[in-house]
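Shown below: query-v4.cif, with mmCIF, C-alpha atoms.
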data_entry
loop_
_atom_site.label_atom_id
_atom_site.label_comp_id
_atom_site.auth_asym_id
_atom_site.auth_seq_id
_atom_site.Cartn_x
_atom_site.Cartn_y
_atom_site.Cartn_z
CA MET A 20 100.03 100.39 79.60
CA LYS A 21 100.77 97.45 77.38
CA GLU A 22 102.49 95.41 80.08
CA LEU A 23 99.57 95.87 82.47
CA ASP A 24 97.08 94.91 79.75
CA GLU A 25 99.05 91.75 79.03
CA ARG A 26 99.24 90.78 82.67
CA ILE A 27 95.48 91.23 83.06
CA ILE A 28 94.76 89.17 79.95
CA ASN A 29 97.27 86.44 80.76
CA GLU A 30 96.93 86.16 84.53
CA GLY A 31 93.49 87.56 85.36
CA LYS A 32 90.85 85.04 86.35
CA VAL A 33 87.18 85.80 86.01
CA ILE A 34 85.21 84.39 88.90
CA MET A 35 81.59 84.90 89.84
CA PRO A 36 79.72 86.84 87.23
CA ASP A 37 81.68 90.05 87.63
CA ILE A 38 84.82 89.56 89.72
CA LEU A 39 88.32 89.73 88.26
CA LYS A 40 91.03 88.10 90.29
CA VAL A 41 94.49 89.53 89.65
CA ASP A 42 96.13 88.42 92.83
CA SER A 43 99.23 87.08 91.10
CA PHE A 44 100.57 90.62 90.59
CA LEU A 45 98.27 93.27 92.06
CA ASN A 46 96.46 92.59 95.30
CA HIS A 47 97.85 89.55 97.07
CA GLN A 48 101.21 88.90 95.48
CA MET A 49 102.53 92.27 94.34
CA ASP A 50 104.87 92.73 91.38
CA VAL A 51 107.00 95.58 92.65
CA ALA A 52 108.72 96.20 89.30
CA LEU A 53 105.31 96.59 87.68
CA PHE A 54 104.24 98.89 90.52
CA GLU A 55 107.17 101.17 89.65
CA LYS A 56 105.96 101.43 86.08
CA ILE A 57 102.41 102.06 87.29
CA GLY A 58 103.70 104.82 89.56
CA ALA A 59 105.64 106.40 86.71
CA GLU A 60 102.58 106.27 84.47
CA PHE A 61 100.40 108.02 87.07
CA ALA A 62 103.10 110.68 87.33
CA ARG A 63 103.09 111.13 83.55
CA ARG A 64 99.34 111.50 83.44
CA PHE A 65 99.11 113.90 86.37
CA LYS A 66 102.33 115.81 85.67
CA ASP A 67 100.53 119.14 85.42
CA GLU A 68 98.93 118.79 88.82
CA ALA A 69 100.69 120.11 91.91
CA ILE A 70 100.08 117.05 94.07
CA ASN A 71 101.43 117.14 97.61
CA LYS A 72 99.63 114.15 99.10
CA ILE A 73 98.43 110.77 97.93
CA LEU A 74 95.36 109.27 99.56
CA THR A 75 94.50 105.59 99.31
CA ILE A 76 92.57 103.01 101.28
CA GLU A 77 93.72 99.81 102.92
CA SER A 78 94.86 97.33 101.89
CA SER A 79 95.52 96.79 98.21
CA GLY A 80 95.93 100.46 97.36
CA ILE A 81 98.85 100.96 99.72
CA GLY A 82 101.65 99.33 97.75
CA ILE A 83 100.74 101.15 94.56
CA ALA A 84 100.32 104.48 96.33
CA VAL A 85 103.67 104.24 98.11
CA MET A 86 105.44 103.39 94.88
CA ALA A 87 103.65 106.18 93.00
CA ALA A 88 104.69 108.70 95.66
CA ARG A 89 108.30 108.24 94.58
CA TYR A 90 107.32 109.95 91.32
CA PHE A 91 105.47 112.78 93.07
CA GLY A 92 108.44 114.18 94.98
CA HIS A 93 108.16 111.55 97.70
CA CYS A 94 105.02 113.21 98.98
CA PRO A 95 103.35 111.60 102.00
CA VAL A 96 100.83 108.82 101.46
CA VAL A 97 97.86 108.57 103.81
CA PHE A 98 95.81 105.43 103.88
CA VAL A 99 92.19 105.53 104.96
CA LYS A 100 91.40 102.88 107.55
CA LYS A 101 88.47 100.58 107.07
CA ASN A 102 88.33 99.39 110.63
CA ALA A 103 89.48 102.06 112.98
CA SER A 104 91.35 100.42 115.83
CA ARG A 105 91.88 101.94 119.23
CA LEU A 106 95.02 103.50 117.77
CA VAL A 107 92.85 105.85 115.75
CA ASN A 108 90.84 107.99 118.09
CA GLY A 109 90.11 111.59 118.72
CA ASP A 110 89.75 113.89 115.78
CA VAL A 111 88.87 111.95 112.68
CA TYR A 112 86.84 112.34 109.52
CA GLN A 113 84.57 109.42 108.77
CA THR A 114 82.25 108.30 106.04
CA LYS A 115 80.35 105.09 105.41
CA ILE A 116 81.49 102.92 102.51
CA HIS A 117 79.73 99.81 101.27
CA SER A 118 81.94 96.95 100.11
CA PHE A 119 80.15 94.96 97.42
CA THR A 120 82.97 92.42 97.47
CA LYS A 121 82.50 91.70 101.15
CA ASP A 122 78.84 92.79 101.24
CA GLN A 123 79.28 94.94 104.32
CA ASP A 124 79.46 98.57 105.35
CA TYR A 125 82.43 100.05 107.11
CA GLN A 126 83.35 103.41 108.56
CA ALA A 127 86.20 104.76 106.48
CA THR A 128 88.34 106.83 108.81
CA VAL A 129 91.17 109.31 108.43
CA ALA A 130 92.78 111.38 111.18
CA LYS A 131 92.22 115.12 110.83
CA ASN A 132 95.94 115.63 111.42
CA TYR A 133 96.78 114.04 108.07
CA LEU A 134 94.24 115.57 105.72
CA ASN A 135 93.57 119.29 105.61
CA GLU A 136 92.88 122.33 103.47
CA GLU A 137 96.51 122.66 102.43
CA ASP A 138 96.47 119.29 100.74
CA HIS A 139 96.39 118.84 96.98
CA VAL A 140 95.38 115.24 96.77
CA LEU A 141 95.73 112.46 94.25
CA ILE A 142 93.51 109.51 95.17
CA ILE A 143 94.95 106.15 94.15
CA ASP A 144 93.35 102.73 94.27
CA ASP A 145 93.85 99.35 92.64
CA PHE A 146 90.28 98.85 91.39
CA LEU A 147 87.33 100.97 90.40
CA ALA A 148 83.97 99.25 90.15
CA ASN A 149 80.95 100.96 91.70
CA GLY A 150 83.09 103.80 92.96
CA GLU A 151 82.15 103.34 96.59
CA ALA A 152 85.68 103.52 97.98
CA VAL A 153 86.75 106.43 95.76
CA SER A 154 83.56 108.37 96.49
CA GLY A 155 84.21 107.80 100.17
CA MET A 156 87.74 109.16 99.82
CA ILE A 157 86.43 112.21 97.94
CA ALA A 158 83.90 112.74 100.74
CA LEU A 159 86.69 112.61 103.33
CA CYS A 160 88.67 115.19 101.33
CA GLN A 161 85.60 117.43 101.20
CA GLN A 162 85.19 117.18 104.96
CA ALA A 163 88.85 118.15 105.31
CA LYS A 164 88.55 120.92 102.68
CA ALA A 165 91.42 119.26 100.81
CA ASP A 166 91.59 119.79 97.07
CA VAL A 167 91.19 116.60 95.01
CA HIS A 168 93.21 116.94 91.80
CA GLY A 169 92.37 113.55 90.43
CA VAL A 170 91.84 109.85 90.85
CA GLY A 171 94.32 107.26 89.56
CA ILE A 172 93.07 103.70 89.15
CA VAL A 173 94.99 100.65 88.01
CA ILE A 174 92.04 98.61 86.72
CA GLU A 175 88.59 100.03 86.05
CA LYS A 176 85.56 97.88 85.41
CA GLY A 177 84.16 100.06 82.67
CA PHE A 178 80.76 98.43 82.76
CA GLN A 179 80.05 99.54 86.31
CA GLN A 180 79.05 102.92 87.67
CA GLY A 181 82.30 104.14 89.24
CA ARG A 182 83.39 106.40 86.38
CA GLN A 183 80.07 108.23 86.16
CA ARG A 184 79.94 108.74 89.92
CA ILE A 185 83.40 110.30 89.98
CA LEU A 186 83.02 112.47 86.88
CA ARG A 187 79.65 113.71 88.15
CA GLN A 188 81.56 115.19 91.08
CA GLY A 189 83.84 117.08 88.72
CA VAL A 190 86.89 115.00 89.55
CA ARG A 191 89.39 113.90 86.91
CA LEU A 192 89.82 110.15 86.52
CA GLU A 193 92.70 108.24 84.95
CA SER A 194 92.49 104.46 84.72
CA LEU A 195 95.49 102.56 83.39
CA ALA A 196 93.38 99.66 82.13
CA VAL A 197 89.65 99.58 81.51
CA ILE A 198 87.70 96.35 81.30
CA ASP A 199 84.94 96.59 78.75
CA ARG A 200 83.30 93.28 79.60
CA PHE A 201 83.82 89.67 80.51
CA GLU A 202 83.04 87.21 77.73
CA ASP A 203 83.08 83.45 78.20
CA GLY A 204 85.30 83.89 81.23
CA GLN A 205 87.74 86.09 79.29
CA VAL A 206 88.63 89.71 79.98
CA ILE A 207 87.93 92.11 77.12
CA LEU A 208 89.80 95.39 77.61
CA ARG A 209 88.92 98.68 75.96
CA LYS A 210 91.55 99.20 73.34
CA ASP A 211 92.40 102.85 73.51
CA GLU A 212 93.53 103.45 77.03
CA THR A 213 94.02 107.15 76.48
CA CYS A 214 90.46 107.51 75.30
CA ILE A 215 88.72 106.76 78.55
CA MET B 30 118.90 104.26 112.20
CA LYS B 31 119.35 107.70 113.67
CA GLU B 32 116.61 109.32 111.60
CA LEU B 33 114.11 106.66 112.61
CA ASP B 34 115.06 107.00 116.27
CA GLU B 35 114.57 110.76 116.10
CA ARG B 36 111.19 110.44 114.44
CA ILE B 37 110.04 108.00 117.13
CA ILE B 38 111.26 110.28 119.92
CA ASN B 39 109.89 113.47 118.38
CA GLU B 40 106.62 112.29 116.89
CA GLY B 41 105.70 109.12 118.78
CA LYS B 42 102.83 109.42 121.22
CA VAL B 43 102.46 107.03 124.11
CA ILE B 44 98.82 106.17 124.70
CA MET B 45 97.29 103.59 127.01
CA PRO B 46 99.89 101.95 129.17
CA ASP B 47 101.80 100.31 126.35
CA ILE B 48 100.75 101.63 122.96
CA LEU B 49 103.02 103.79 120.80
CA LYS B 50 101.30 105.81 118.13
CA VAL B 51 103.56 106.67 115.20
CA ASP B 52 100.88 107.38 112.67
CA SER B 53 102.47 110.61 111.45
CA PHE B 54 105.10 108.67 109.48
CA LEU B 55 104.64 104.91 109.75
CA ASN B 56 101.16 103.45 109.82
CA HIS B 57 98.55 105.99 108.81
CA GLN B 58 100.46 108.77 107.11
CA MET B 59 103.51 107.17 105.51
CA ASP B 60 106.80 108.97 104.95
CA VAL B 61 107.87 107.42 101.67
CA ALA B 62 111.38 108.91 101.76
CA LEU B 63 111.91 107.36 105.18
CA PHE B 64 110.51 104.07 103.88
CA GLU B 65 113.23 104.07 101.21
CA LYS B 66 115.89 104.40 103.88
CA ILE B 67 114.24 101.66 105.92
CA GLY B 68 114.22 99.42 102.86
CA ALA B 69 117.89 100.09 102.20
CA GLU B 70 118.74 99.33 105.82
CA PHE B 71 116.93 95.98 105.72
CA ALA B 72 118.88 95.20 102.54
CA ARG B 73 122.16 96.08 104.28
CA ARG B 74 121.38 93.86 107.25
CA PHE B 75 120.19 90.90 105.19
CA LYS B 76 122.67 91.29 102.34
CA ASP B 77 124.08 87.79 102.83
CA GLU B 78 120.70 86.14 102.54
CA ALA B 79 119.41 85.02 99.15
CA ILE B 80 115.90 86.41 99.57
CA ASN B 81 113.48 85.88 96.68
CA LYS B 82 110.21 86.82 98.37
CA ILE B 83 109.05 89.25 101.03
CA LEU B 84 106.09 88.30 103.17
CA THR B 85 104.13 90.86 105.17
CA ILE B 86 100.64 91.26 106.59
CA GLU B 87 97.99 93.84 105.88
CA SER B 88 97.86 96.73 106.29
CA SER B 89 100.73 98.70 107.76
CA GLY B 90 103.45 96.30 106.66
CA ILE B 91 102.65 96.63 102.99
CA GLY B 92 104.19 100.02 102.24
CA ILE B 93 107.44 99.14 103.96
CA ALA B 94 107.63 95.72 102.33
CA VAL B 95 107.02 97.08 98.83
CA MET B 96 109.69 99.72 99.29
CA ALA B 97 112.13 97.19 100.75
CA ALA B 98 111.59 94.87 97.78
CA ARG B 99 113.26 97.48 95.56
CA TYR B 100 116.49 96.66 97.41
CA PHE B 101 116.03 92.91 97.11
CA GLY B 102 116.07 92.73 93.32
CA HIS B 103 112.43 93.76 93.05
CA CYS B 104 111.36 90.41 94.40
CA PRO B 105 107.62 89.82 94.78
CA VAL B 106 105.89 90.88 97.98
CA VAL B 107 103.02 88.79 99.28
CA PHE B 108 100.74 90.20 101.91
CA VAL B 109 98.89 87.88 104.25
CA LYS B 110 95.19 88.70 104.47
CA LYS B 111 93.56 89.16 107.81
CA ASN B 112 90.03 88.87 106.55
CA ALA B 113 89.86 86.57 103.58
CA SER B 114 87.25 87.91 101.18
CA ARG B 115 85.43 85.89 98.60
CA LEU B 116 88.33 86.77 96.29
CA VAL B 117 90.56 84.45 98.27
CA ASN B 118 89.22 80.95 98.03
CA GLY B 119 90.36 77.53 97.12
CA ASP B 120 93.81 76.48 98.13
CA VAL B 121 95.06 78.56 101.02
CA TYR B 122 97.23 78.23 104.08
CA GLN B 123 95.65 79.60 107.23
CA THR B 124 96.62 80.17 110.82
CA LYS B 125 94.91 81.92 113.70
CA ILE B 126 96.44 85.17 114.94
CA HIS B 127 95.31 87.11 117.98
CA SER B 128 95.38 90.88 117.70
CA PHE B 129 96.02 92.41 121.10
CA THR B 130 95.46 95.89 119.65
CA LYS B 131 91.98 95.01 118.44
CA ASP B 132 91.43 92.22 120.98
CA GLN B 133 90.20 89.74 118.43
CA ASP B 134 91.32 86.64 116.58
CA TYR B 135 91.52 86.43 112.83
CA GLN B 136 92.36 83.78 110.28
CA ALA B 137 95.56 84.88 108.57
CA THR B 138 95.37 83.59 105.02
CA VAL B 139 97.77 83.23 102.13
CA ALA B 140 97.09 81.54 98.79
CA LYS B 141 99.15 78.41 98.19
CA ASN B 142 100.01 79.74 94.74
CA TYR B 143 102.12 82.51 96.24
CA LEU B 144 104.08 80.76 98.96
CA ASN B 145 105.89 77.51 98.35
CA GLU B 146 109.00 75.44 98.98
CA GLU B 147 111.06 77.40 96.47
CA ASP B 148 110.66 80.61 98.43
CA HIS B 149 113.43 82.14 100.50
CA VAL B 150 111.44 84.52 102.61
CA LEU B 151 112.13 87.71 104.47
CA ILE B 152 109.21 88.59 106.76
CA ILE B 153 108.70 92.33 107.20
CA ASP B 154 106.36 94.18 109.53
CA ASP B 155 106.08 97.63 111.05
CA PHE B 156 105.81 96.58 114.70
CA LEU B 157 106.86 93.68 116.87
CA ALA B 158 105.20 93.37 120.27
CA ASN B 159 103.98 89.95 121.36
CA GLY B 160 105.04 88.42 118.10
CA GLU B 161 101.60 87.10 117.20
CA ALA B 162 101.60 88.34 113.61
CA VAL B 163 105.20 87.32 112.90
CA SER B 164 104.71 83.90 114.48
CA GLY B 165 101.63 83.48 112.31
CA MET B 166 103.64 84.34 109.21
CA ILE B 167 106.37 81.87 110.21
CA ALA B 168 103.66 79.23 110.67
CA LEU B 169 102.31 79.95 107.19
CA CYS B 170 105.82 79.58 105.74
CA GLN B 171 106.21 76.27 107.56
CA GLN B 172 102.94 75.03 106.09
CA ALA B 173 104.21 76.06 102.65
CA LYS B 174 107.67 74.57 103.31
CA ALA B 175 109.13 77.97 102.47
CA ASP B 176 112.48 78.86 104.02
CA VAL B 177 112.36 81.83 106.41
CA HIS B 178 115.71 83.66 106.25
CA GLY B 179 114.80 86.36 108.71
CA VAL B 180 112.40 88.87 110.15
CA GLY B 181 112.81 92.62 109.63
CA ILE B 182 110.92 94.91 111.98
CA VAL B 183 110.80 98.70 112.00
CA ILE B 184 109.95 99.20 115.68
CA GLU B 185 110.23 96.51 118.33
CA LYS B 186 108.76 96.83 121.78
CA GLY B 187 111.69 95.29 123.55
CA PHE B 188 109.80 94.79 126.79
CA GLN B 189 107.31 92.37 125.23
CA GLN B 190 107.69 88.74 124.27
CA GLY B 191 107.99 88.94 120.48
CA ARG B 192 111.78 88.65 120.29
CA GLN B 193 111.94 85.57 122.48
CA ARG B 194 109.15 83.87 120.55
CA ILE B 195 110.91 84.41 117.22
CA LEU B 196 114.42 83.50 118.37
CA ARG B 197 113.07 80.37 120.04
CA GLN B 198 112.03 79.23 116.55
CA GLY B 199 115.57 79.68 115.29
CA VAL B 200 114.70 82.65 113.10
CA ARG B 201 116.98 85.66 112.76
CA LEU B 202 115.44 88.99 113.81
CA GLU B 203 116.56 92.50 112.90
CA SER B 204 114.71 95.46 114.40
CA LEU B 205 115.66 98.95 113.27
CA ALA B 206 114.56 100.55 116.53
CA VAL B 207 113.95 98.89 119.88
CA ILE B 208 111.89 100.49 122.60
CA ASP B 209 113.28 99.71 126.01
CA ARG B 210 110.39 101.19 127.97
CA PHE B 211 107.93 104.01 128.28
CA GLU B 212 108.67 106.44 131.10
CA ASP B 213 106.36 109.30 132.04
CA GLY B 214 104.77 109.14 128.61
CA GLN B 215 108.17 109.27 126.89
CA VAL B 216 109.77 106.66 124.67
CA ILE B 217 113.11 105.33 125.87
CA LEU B 218 114.96 103.56 123.06
CA ARG B 219 117.74 101.04 123.50
CA LYS B 220 120.87 102.85 122.52
CA ASP B 221 122.86 100.35 120.57
CA GLU B 222 120.66 99.34 117.72
CA THR B 223 123.16 96.85 116.37
CA CYS B 224 123.29 95.10 119.70
CA ILE B 225 119.82 93.66 119.78
#
Once more with this new file: its structure as structure tokens, please.
Amino acid sequence: MKELDERIINEGKVIMPDILKVDSFLNHQMDVALFEKIGAEFARRFKDEAINKILTIESSGIGIAVMAARYFGHCPVVFVKKNASRLVNGDVYQTKIHSFTKDQDYQATVAKNYLNEEDHVLIIDDFLANGEAVSGMIALCQQAKADVHGVGIVIEKGFQQGRQRILRQGVRLESLAVIDRFEDGQVILRKDETCI
Amino acid sequence: MKELDERIINEGKVIMPDILKVDSFLNHQMDVALFEKIGAEFARRFKDEAINKILTIESSGIGIAVMAARYFGHCPVVFVKKNASRLVNGDVYQTKIHSFTKDQDYQATVAKNYLNEEDHVLIIDDFLANGEAVSGMIALCQQAKADVHGVGIVIEKGFQQGRQRILRQGVRLESLAVIDRFEDGQVILRKDETCI
């Protein structure tokens, strides 16, 4: 997606050794028009899959997932909770996820009512780095016997282990932009987005 | 909104003395088609306001806010962070919000870059109870000198203090459904939704 690539190059800020901040359009301020195009692109890439549910994880995945659902027949979106409140109790699936960004573990939680063996799931998230969150969502789908048809990511850090972890589990992965490396504080994207 | 009222009556579960669980369509599993109608209804109610930004708070407000933004000229949506990660640093506005649901305080945070005196803000959230989260968002807008044109809520607990707190600050409030009370584990809605 050319527009996404341009936004990353023009607005992304590299902080720390390996963190990309794109909060002007993706995960703090959200560019809803861009989200529509992202949703349409996920639909194009997964058009042969009979998706009937989108799974994401709070918080930054939610906006993208909801917009994408418009292009998948307005299927329901379920968001995995990172900190189960007293509103989530009873029958849940849980798995431990480590956040490298926040350097803490959390119990990712989804209610059994909203994920089950009749679900054909597309997992959507804003970022893929080490693949912790996505692997956690795949694990929750396995517990629920739901069928994972693929993973759709907006920005993948291609130099981290997420891709290998997901592919090793036999799950299809589509990333709309892949960062090859950071160089002198600049983002270098992989050129051929279809070749990832 | 008749459809929303019906969903609350049919699917809402009253737990604890005063908690309504609507996670089958609003804040765990999300009914994206319903969210579109909710967005359109907010647009109808606030059609005379020149909104150029929607402010919400993670996590359950995000899906509704993003969908609503489609009906406000695809204006940007900014979500306030409850737990500022190391990705949010530098120049931020902050205010303390108490969560009665989780019984804890958190520092609600928004980057100064994304809220400023040129913003004409509609605040959107899924629930209004004591008004803590909305009052926090109004406080953040005041810090940023942004102009709050109104607050749009999906479900208001009419027997709690949120409405009074917001109106006392001179801010317009529109709630799509208002719960009058819980009776024998049932939800009793106020009948005239336009009369709130």
All residues 8 Å or closer to stretch 208-212 of chain B, only C-alpha atoms, same chain fewer than 2 positions away omitted, as a PDB file with C-alpha atoms, in the coordinates of the input:
ATOM      1  CA  VAL B  43     102.460 107.030 124.110  1.00  0.00           C
ATOM      2  CA  ASP B  47     101.800 100.310 126.350  1.00  0.00           C
ATOM      3  CA  ILE B 184     109.950  99.200 115.680  1.00  0.00           C
ATOM      4  CA  GLU B 185     110.230  96.510 118.330  1.00  0.00           C
ATOM      5  CA  LYS B 186     108.760  96.830 121.780  1.00  0.00           C
ATOM      6  CA  GLY B 187     111.690  95.290 123.550  1.00  0.00           C
ATOM      7  CA  PHE B 188     109.800  94.790 126.790  1.00  0.00           C
ATOM      8  CA  ALA B 206     114.560 100.550 116.530  1.00  0.00           C
ATOM      9  CA  GLY B 214     104.770 109.140 128.610  1.00  0.00           C
ATOM     10  CA  GLN B 215     108.170 109.270 126.890  1.00  0.00           C
ATOM     11  CA  VAL B 216     109.770 106.660 124.670  1.00  0.00           C
ATOM     12  CA  ILE B 217     113.110 105.330 125.870  1.00  0.00           C
ATOM     13  CA  LEU B 218     114.960 103.560 123.060  1.00  0.00           C
ATOM     14  CA  ARG B 219     117.740 101.040 123.500  1.00  0.00           C
TER      15      ARG B 219
END
Per residue of chain A within 9 Å of chain B, note the shortest atom pair and the distance in Å to one decimal, counting only C-alpha atoms, and order the rows by chain and increasing residue number, as a tab-separated table.
residue	atom	partner	partner_atom	distance
A:Ile34	CA	B:Leu116	CA	8.4
A:Ile38	CA	B:Leu116	CA	8.0
A:Leu39	CA	B:Leu116	CA	8.6
A:Lys40	CA	B:Leu116	CA	6.7
A:Asp42	CA	B:Leu116	CA	8.7
A:Ser43	CA	B:Tyr143	CA	7.5
A:Phe44	CA	B:Pro105	CA	8.2
A:Asn46	CA	B:Phe108	CA	8.2
A:His47	CA	B:Val107	CA	5.7
A:Gln48	CA	B:Val107	CA	4.2
A:Met49	CA	B:Val106	CA	5.1
A:Asp50	CA	B:Pro105	CA	5.3
A:Val51	CA	B:His103	CA	5.7
A:Ala52	CA	B:His103	CA	5.8
A:Phe54	CA	B:Val95	CA	8.9
A:Glu77	CA	B:Ser88	CA	6.2
A:Ser78	CA	B:Ser88	CA	5.4
A:Ser79	CA	B:Ser88	CA	8.4
A:Ile81	CA	B:Gly92	CA	6.0
A:Gly82	CA	B:Gly92	CA	5.2
A:Ile83	CA	B:Gly92	CA	8.5
A:Ala84	CA	B:Gly92	CA	8.4
A:Val85	CA	B:Gly92	CA	5.9
A:Met86	CA	B:Met96	CA	7.1
A:Ala88	CA	B:Val61	CA	6.9
A:Arg89	CA	B:Val61	CA	7.2
A:His93	CA	B:Val61	CA	5.7
A:Cys94	CA	B:Val61	CA	7.0
A:Pro95	CA	B:Asp60	CA	5.2
A:Val96	CA	B:Met59	CA	5.1
A:Val97	CA	B:Gln58	CA	4.2
A:Phe98	CA	B:His57	CA	5.7
A:Val99	CA	B:His57	CA	7.4
A:Lys100	CA	B:His57	CA	7.9
A:Ser104	CA	B:Lys131	CA	6.0
A:Arg105	CA	B:Lys131	CA	7.0
A:Leu106	CA	B:Lys50	CA	6.7
A:Val107	CA	B:Asp52	CA	8.7
A:Thr120	CA	B:Arg115	CA	7.1
A:Lys121	CA	B:Ser114	CA	6.1
A:Val129	CA	B:His57	CA	8.1
A:Ala130	CA	B:His57	CA	8.2
A:Asn132	CA	B:Ser53	CA	8.2
A:Tyr133	CA	B:Gln58	CA	6.5
So how far away is atom CA of B:Lys141 from atom CA of B:Val121, in Å?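 Atom CA of B:Lys141 lies 5.0 Å from atom CA of B:Val121.
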Let me know the residues the PyMOL selection byres ((chain B and resi 166-176) around 6) catches in the file above, as a PyMOL selection string. chain B and resi 144-146+148-150+163-165+177
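If you look at atom CA of B:Ile126 and atom CA of B:Gly160, they are 9.7 Å away from each other.
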Considering all atoms listed in the file, return as a list in words whatever protein or nucleic-acid residues lie within 12 Å of A:Asp67, sequence-local ones (same chain, fewer than 5 positions apart) excluded. Phe61, Ala62, Phe91, His168 and Gly169 of chain A
Taking 4 positions as the minimum chain separation for residues in the same chain, which residues sit within 8 Å of A:Lys115 when counting only C-alpha atoms? Answer as a VMD selection string. chain A and resid 124 to 127 155
Once the PyMOL selection byres ((chain B and resi 32-35) around 8) has been evaluated on this model, what residues remain selected, and can you format them as a ChimeraX atom specification? /B:30-31,36-39,63,205-206,218
Between B:Thr138, B:Ser204, B:Asn159, B:Ser128, which has the minimum distance to B:Gln190 (counting all atoms listed in the file)?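 Among the listed residues, B:Asn159 lies closest to B:Gln190.
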